[in-house]
Structure formats: C-alpha cells, structure tokens
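Enquirer: What follows is data-v4.txt, compact mmCIF, C-alpha atoms and all ligand atoms.
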# COMPACT_ATOMS: atom_id res chain seq x y z
CA MET A 6 0.00 0.00 0.00
CA THR A 7 1.41 3.39 -0.89
CA LYS A 8 -1.46 5.65 0.06
CA TYR A 9 -3.18 6.35 3.35
CA LEU A 10 -6.28 4.25 3.90
CA ILE A 11 -9.18 5.46 6.01
CA LEU A 12 -11.68 2.93 7.31
CA GLY A 13 -14.97 4.67 7.82
CA LYS A 14 -18.69 5.06 7.39
CA SER A 15 -20.54 7.46 5.14
CA GLY A 16 -21.00 10.84 6.83
CA ALA A 17 -19.55 9.64 10.13
CA GLY A 18 -16.32 10.32 12.06
CA SER A 19 -14.21 9.34 9.05
CA LEU A 20 -15.15 12.75 7.63
CA ILE A 21 -12.60 14.26 10.02
CA PRO A 22 -9.47 12.71 8.45
CA GLU A 23 -11.07 13.02 5.01
CA PHE A 24 -11.51 16.79 5.46
CA LEU A 25 -7.95 17.18 6.75
CA PHE A 26 -6.41 15.19 3.92
CA ALA A 27 -8.50 17.03 1.34
CA GLU A 28 -7.57 20.41 2.83
CA LEU A 29 -3.88 19.45 2.85
CA LYS A 30 -4.16 17.94 -0.65
CA ILE A 31 -2.94 14.53 0.48
CA THR A 32 -4.29 11.59 -1.48
CA TYR A 33 -5.95 8.73 0.39
CA ASP A 34 -8.25 5.80 -0.13
CA ILE A 35 -11.32 5.10 1.93
CA GLN A 36 -13.12 1.85 2.65
CA PHE A 37 -16.53 1.67 4.25
CA VAL A 38 -16.45 -1.18 6.75
CA SER A 39 -18.75 -2.98 9.16
CA LYS A 40 -18.38 -3.07 12.93
CA GLU A 41 -18.24 -6.88 12.78
CA GLU A 42 -15.19 -6.67 10.56
CA LEU A 43 -13.31 -4.25 12.81
CA VAL A 44 -13.68 -6.24 16.04
CA LYS A 45 -11.96 -9.29 14.53
CA SER A 46 -8.42 -9.28 15.93
CA THR A 47 -7.18 -10.54 12.58
CA SER A 48 -8.85 -7.80 10.55
CA LYS A 49 -7.19 -4.80 9.00
CA GLY A 50 -7.96 -1.83 11.22
CA PHE A 51 -8.81 -3.78 14.36
CA ASN A 52 -10.64 -1.69 16.95
CA PRO A 53 -11.83 -3.40 20.16
CA LEU A 54 -15.15 -1.56 19.99
CA GLY A 55 -15.50 -1.82 16.22
CA LYS A 56 -15.59 1.94 15.83
CA ILE A 57 -14.43 4.11 13.00
CA PRO A 58 -12.44 6.11 12.01
CA VAL A 59 -9.29 4.03 11.61
CA LEU A 60 -6.31 5.33 9.67
CA ILE A 61 -3.85 2.90 8.12
CA LEU A 62 -0.50 4.43 7.25
CA PRO A 63 1.42 3.45 4.09
CA ASP A 64 3.79 1.37 6.29
CA GLY A 65 0.83 -0.58 7.70
CA THR A 66 0.64 1.13 11.11
CA GLU A 67 -2.96 1.39 12.28
CA ILE A 68 -4.30 4.32 14.27
CA PHE A 69 -7.77 4.53 15.79
CA GLU A 70 -9.42 7.26 17.91
CA SER A 71 -10.12 10.41 15.95
CA LEU A 72 -7.97 12.58 18.23
CA ALA A 73 -4.94 10.35 17.68
CA ILE A 74 -5.57 10.45 13.93
CA VAL A 75 -5.82 14.25 13.93
CA ASN A 76 -2.61 14.40 15.93
CA TYR A 77 -0.85 12.11 13.43
CA ILE A 78 -1.96 14.19 10.44
CA THR A 79 -1.25 17.60 11.95
CA THR A 80 2.17 16.69 13.32
CA ASN A 81 3.27 15.14 10.02
CA TYR A 82 1.81 17.82 7.75
CA PRO A 83 2.08 21.39 9.01
CA GLY A 84 -0.65 23.91 8.36
CA LEU A 85 -3.65 22.91 10.42
CA SER A 86 -2.46 23.23 14.02
CA PRO A 87 -0.73 26.01 15.95
CA THR A 88 2.90 25.45 16.86
CA LYS A 89 3.88 24.96 20.51
CA GLU A 90 5.22 28.49 20.56
CA SER A 91 1.94 29.96 19.36
CA THR A 92 -0.38 31.70 21.80
CA ASP A 93 -3.19 29.61 20.27
CA TYR A 94 -1.60 26.30 21.20
CA PHE A 95 -3.56 25.73 24.41
CA GLN A 96 -6.76 27.10 22.95
CA TYR A 97 -6.40 24.59 20.10
CA TRP A 98 -5.86 21.65 22.44
CA ARG A 99 -8.57 22.74 24.86
CA MET A 100 -11.15 22.95 22.08
CA LEU A 101 -10.03 19.79 20.30
CA SER A 102 -10.13 17.84 23.56
CA LEU A 103 -13.56 19.18 24.46
CA LEU A 104 -14.87 18.22 21.03
CA SER A 105 -13.41 14.74 21.01
CA SER A 106 -14.09 13.78 24.61
CA THR A 107 -17.47 15.41 25.21
CA LEU A 108 -19.29 16.71 22.15
CA TYR A 109 -18.55 13.61 20.04
CA SER A 110 -19.67 11.21 22.76
CA GLY A 111 -22.85 13.27 23.27
CA TYR A 112 -23.80 12.57 19.67
CA HIS A 113 -22.91 8.91 20.08
CA ARG A 114 -25.30 8.68 23.04
CA GLN A 115 -28.09 10.16 20.94
CA HIS A 116 -27.51 8.08 17.82
CA HIS A 117 -26.68 4.85 19.66
CA ALA A 118 -28.87 5.16 22.78
CA ASN A 119 -29.34 1.39 22.83
CA ASP A 120 -25.60 0.97 23.58
CA TYR A 121 -26.10 2.83 26.88
CA VAL A 122 -29.57 2.23 28.35
CA ASN A 123 -32.70 0.14 27.90
CA GLU A 124 -35.43 1.61 25.72
CA ILE A 125 -37.22 3.14 28.70
CA GLY A 126 -34.28 5.51 29.19
CA PHE A 127 -33.83 6.62 25.56
CA THR A 128 -35.67 9.94 25.81
CA SER A 129 -34.01 11.02 29.00
CA LEU A 130 -30.54 9.98 27.78
CA LYS A 131 -31.00 11.99 24.59
CA GLU A 132 -32.39 15.04 26.42
CA LYS A 133 -29.50 15.07 28.86
CA ALA A 134 -26.95 14.72 26.05
CA GLN A 135 -28.61 17.65 24.26
CA GLN A 136 -28.60 19.79 27.42
CA GLU A 137 -24.89 19.19 27.86
CA GLN A 138 -24.24 19.95 24.20
CA SER A 139 -26.22 23.16 24.40
CA ILE A 140 -23.84 24.40 27.13
CA ILE A 141 -20.84 23.42 25.02
CA TYR A 142 -22.24 25.09 21.90
CA ASP A 143 -22.81 28.31 23.86
CA TYR A 144 -19.19 28.17 24.93
CA ILE A 145 -18.08 27.48 21.36
CA GLU A 146 -20.16 30.46 20.19
CA GLN A 147 -18.10 32.73 22.45
CA ASN A 148 -14.87 31.24 21.11
CA LEU A 149 -15.52 31.50 17.37
CA ASN A 150 -13.73 34.49 15.87
CA PRO A 151 -14.37 33.41 13.09
CA TYR A 152 -12.60 30.09 13.81
CA LEU A 153 -11.86 28.40 17.14
CA CYS A 154 -8.31 29.78 17.16
CA GLY A 155 -9.12 33.16 15.66
CA GLU A 156 -8.23 34.05 12.09
CA ILE A 157 -6.41 30.82 11.24
CA ILE A 158 -8.41 27.71 10.38
CA THR A 159 -7.21 24.58 12.21
CA ALA A 160 -8.02 20.89 12.39
CA ALA A 161 -10.28 21.68 15.37
CA ASP A 162 -12.60 23.60 13.03
CA PHE A 163 -13.00 20.65 10.67
CA TYR A 164 -13.59 18.45 13.70
CA LEU A 165 -16.29 20.79 14.99
CA TYR A 166 -17.93 21.06 11.59
CA THR A 167 -18.12 17.26 11.32
CA LEU A 168 -19.86 16.94 14.70
CA THR A 169 -22.45 19.62 13.91
CA ARG A 170 -23.53 17.61 10.90
CA TRP A 171 -24.94 14.95 13.24
CA ASP A 172 -27.23 17.30 15.14
CA PHE A 173 -30.90 16.32 15.06
CA ASP A 174 -32.08 19.95 14.94
CA LYS A 175 -29.70 22.04 12.88
CA THR A 176 -32.06 25.02 12.82
CA LYS A 177 -32.21 25.15 16.62
CA LEU A 178 -28.45 24.69 16.79
CA ARG A 179 -28.00 28.03 15.01
CA ILE A 180 -30.60 30.00 16.96
CA GLY A 181 -28.91 32.63 19.14
CA ARG A 182 -25.52 31.57 17.82
CA PRO A 183 -24.63 33.96 14.97
CA ASN A 184 -20.93 33.13 15.08
CA LEU A 185 -21.66 29.42 14.76
CA SER A 186 -24.08 30.07 11.89
CA ILE A 187 -21.45 32.01 9.94
CA PHE A 188 -18.83 29.38 10.77
CA LEU A 189 -21.02 26.57 9.40
CA GLU A 190 -21.68 28.44 6.15
CA ASN A 191 -18.00 29.19 5.85
CA LEU A 192 -16.88 25.59 6.38
CA ARG A 193 -19.56 24.20 4.08
CA SER A 194 -18.39 26.46 1.28
CA ARG A 195 -14.77 25.29 1.41
CA LYS A 196 -13.65 23.35 -1.63
CA SER A 197 -12.15 20.53 0.46
CA VAL A 198 -15.37 20.06 2.43
CA ASP A 199 -17.54 20.17 -0.65
CA LYS A 200 -15.38 17.62 -2.44
CA VAL A 201 -15.41 15.15 0.45
CA LEU A 202 -19.15 15.49 1.03
CA SER A 203 -19.95 15.03 -2.64
CA GLN A 204 -18.02 11.73 -2.58
CA GLN A 205 -19.84 10.16 0.40
CA PRO A 206 -21.83 7.10 -0.61
CA PRO A 207 -25.53 7.20 0.21
CA LYS A 208 -26.42 6.03 3.70
CA PRO A 209 -29.75 4.63 4.84
CA LYS A 210 -30.30 7.13 7.68
CA ILE A 211 -28.39 9.50 9.96
CA ARG A 212 -26.68 7.12 12.39
CA VAL A 213 -23.09 8.00 13.28
N1 LIG A 301 -13.80 8.02 20.53
C1 LIG A 301 -13.94 7.55 19.17
C2 LIG A 301 -15.42 7.52 18.83
C3 LIG A 301 -15.63 6.87 17.49
C4 LIG A 301 -17.10 6.62 17.20
O1 LIG A 301 -17.97 6.71 18.07
N2 LIG A 301 -17.37 6.32 15.93
C5 LIG A 301 -18.71 6.04 15.50
C6 LIG A 301 -18.94 6.65 14.13
S1 LIG A 301 -18.90 8.40 14.15
C7 LIG A 301 -18.94 4.57 15.35
O2 LIG A 301 -18.05 3.83 14.97
N3 LIG A 301 -20.17 4.15 15.64
C8 LIG A 301 -20.57 2.79 15.49
C9 LIG A 301 -20.80 2.14 16.81
O3 LIG A 301 -20.50 2.74 17.86
O4 LIG A 301 -21.27 1.03 16.78
C10 LIG A 301 -13.16 8.45 18.22
O5 LIG A 301 -12.99 9.62 18.53
O6 LIG A 301 -12.68 7.95 17.20
Starting from the file, lay out its structure as structure tokens.
Expert:
Amino acid sequence: MTKYLILGKSGAGSLIPEFLFAELKITYDIQFVSKEELVKSTSKGFNPLGKIPVLILPDGTEIFESLAIVNYITTNYPGLSPTKESTDYFQYWRMLSLLSSTLYSGYHRQHHANDYVNEIGFTSLKEKAQQEQSIIYDYIEQNLNPYLCGEIITAADFYLYTLTRWDFDKTKLRIGRPNLSIFLENLRSRKSVDKVLSQQPPKPKIRV
C-alpha cells in the first residue's frame, strides 16, 4: 500500500481525516467497513469496539481514535495546528479535547442510545446529552472568531464542523448563535469540504 487508507462510514467520524487530507491535498483511499469486521483481531484496522475512524498508514501502522488520527496528520503535515510556541496552542488543544471527549460522545449517546440504556431511558438519555451539548455550543459560540483559534483555520474547526452535521435539529443549533451560523456556512463552502461530502456514498439514515 502506498497511500493512506481510512476505514470509515458514510458521513460519520471518518469525515474528520477526510476533510484534513483534502484540505492538505494529500491523497488517500477510503473503505466503508462494518463493525463486525473491525472487532476481529485478525482484521485490517482492528478496533476493540468496532468503531471508526481508523487510519492505516502506508507502512501498515494502524491508528484509531479520531484525536490520535488528527494528531498524526497535523504533526506530520504542518498547516492545520498552531505550533507549541503559538499563543493559540492551548486554545487549540482545549477545544479539540472538548470536542473529542465530550461533544462527540454526546452525539454517540443520541444516535446509539441502545448501547447505553434500555429503551425506557432513551428519551431522558437523549435530552441530557442535548442539554450538555447546548452548554458546550454556547461556549463554542463565544470562542468563534471566526474560527476556534481566531483568524487561522485549524483541524479543530474541521472536527467541529463534522460533529455539527450529526445534530438532530440544525435550525435550533443556530438560533442565538450567529458566530456558529457564519462558521457553518463558511466551512460548508470550502472546496475541500464540498469535495469530500460530494463523494460520500448514500447512507440509509443518519446514524453516526
Ligand atoms: N472516541 C472515538 C469515537 C468513534 C465513534 O464513536 N465512531 C462512530 C462513528 S462516528 C462509530 O463507529 N459508531 C458505530 C458504533 O458505535 O457502533 C473516536 O474519537 O474515534
């Protein structure tokens, strides 16, 4: 294998490395895989929980967890993360960590409620995830200027944009959040984002 290979699902967390590679003009392949395939210890891209994204490097090294993948891409290809010396360095890591540890998992709880509770708890689980996300989105709103680290777009912005795509009520998400609304328009109009989205295979329904 000479190219990067992303294992993913249409419209899901594999959009994050896809956006970064497209933005950096790095060629890659993508395969859409099943959970059953990924949990097999013998399979390419093994992940104990069968989750995507997985990135397979040209030398065969496998990386899972979106944050680790972002870290691999941004440390090997400069341009989408502030340097250690930059005043934005901690802002970048604070936002990226918040997105990957909290906002992402909040969407997982809503789209995969049956992984967490019995059916009787679905509504309450989803409502609580949305309440937590609303607090985070208000915080994000205060931080966008126009991007999370100010004038310079970073990997954290592509990460955030990916997560917003999974929201069940995208109109409500924008209400009272003018900075976020402009940010979403801005990201959606980027060539890299448009290219990746236009290449996603159809998916049966929004389940990330
Ligand atoms: N912490 C993981 C979360 C990955 C994750 O939840 N991926 C979702 C797709 S966006 C998935 O594989 N869902 C299928 C499932 O959980 O069964 C990461 O950041 O990579």
Enquirer: Within 8 Å of Ile78 (chain A), counting all atoms listed in the file, which residues show up once you throw out same-chain ones fewer than 6 positions away? Write them as a ChimeraX atom specification, please.
Expert: /A:22,25-26
Enquirer: Save the residues we just selected, C-alpha atoms, as an mmCIF file, in the coordinates of the input?
Expert:
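Just written: result.cif:
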data_model
loop_
_atom_site.group_PDB
_atom_site.id
_atom_site.type_symbol
_atom_site.label_atom_id
_atom_site.label_comp_id
_atom_site.auth_asym_id
_atom_site.auth_seq_id
_atom_site.Cartn_x
_atom_site.Cartn_y
_atom_site.Cartn_z
ATOM 1 C CA PRO A 22 -9.470 12.710 8.450
ATOM 2 C CA LEU A 25 -7.950 17.180 6.750
ATOM 3 C CA PHE A 26 -6.410 15.190 3.920
#
Enquirer: One decimal, in Å: what's the spacing between CA of Ser197 (chain A) and CA of Asp172 (chain A)?
Expert: 21.3 Å
Enquirer: Just want the residues within 9 Å of ligand LIG 301 (chain A), written as a PyMOL selection string, counting only C-alpha atoms and all ligand atoms.
Expert: chain A and resi 13-14+16-20+39-40+54-59+69-74+105-106+109-110+112-113+116-117+120+168+171+212-213
Enquirer: From the set A:Arg170, A:Lys177, A:Arg114, A:Lys49, which residue has the shortest atom-to-atom contact distance to Ser139 (chain A), counting all atoms listed in the file?
Expert: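 Of A:Arg170, A:Lys177, A:Arg114, A:Lys49, the one nearest Ser139 (chain A) is A:Lys177, counting all atoms listed in the file.
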Enquirer: Skipping near chain neighbours, those fewer than 2 positions away, what residues fall within 9 Å of Ala160 (chain A) using only C-alpha atoms, listed as a ChimeraX atom specification?
Expert: /A:21,24-25,75,79,84-86,97,101,158,162-165
Enquirer: Using all atoms listed in the file, pick whichever of A:Gly50, A:Gly181, A:Gly126, A:Pro83 has the shortest atom-to-atom distance to Glu67 (chain A).
Expert: A:Gly50
Enquirer: Counting all atoms listed in the file, which of A:Ile125, A:Val38, A:Ala27, A:Leu178 gets nearest to Glu146 (chain A)?
Expert: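 Looking at the shortest contact to Glu146 (chain A), the residue is A:Leu178.
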Enquirer: Considering only C-alpha atoms, can you say which of A:Thr7, A:Gln115, A:Thr169, A:Ser48 comes closest to Leu62 (chain A)?
Expert: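 With only C-alpha atoms as the atom set, the closest residue is A:Thr7.
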Enquirer: Using all atoms listed in the file for the distances, tell me which of A:Tyr152, A:Gln204, A:Asp34, A:Lys175 is nearest to Leu192 (chain A).
Expert: A:Tyr152
Enquirer: Quick one: of A:Leu185, A:Asn76, A:Pro206, A:Phe127, who's nearest to Pro151 (chain A), counting only C-alpha atoms?
Expert: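 Smallest distance to Pro151 (chain A) is found for A:Leu185.
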Enquirer: Do you have the CA of Ile187 (chain A)-CA of Asn150 (chain A) distance handy?
Expert: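 These two atoms are separated by 10.0 Å.
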Enquirer: In Å, how far is it from CA of Glu137 (chain A) to CA of Ile157 (chain A)?
Expert: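 These atoms are spaced 27.4 Å apart.
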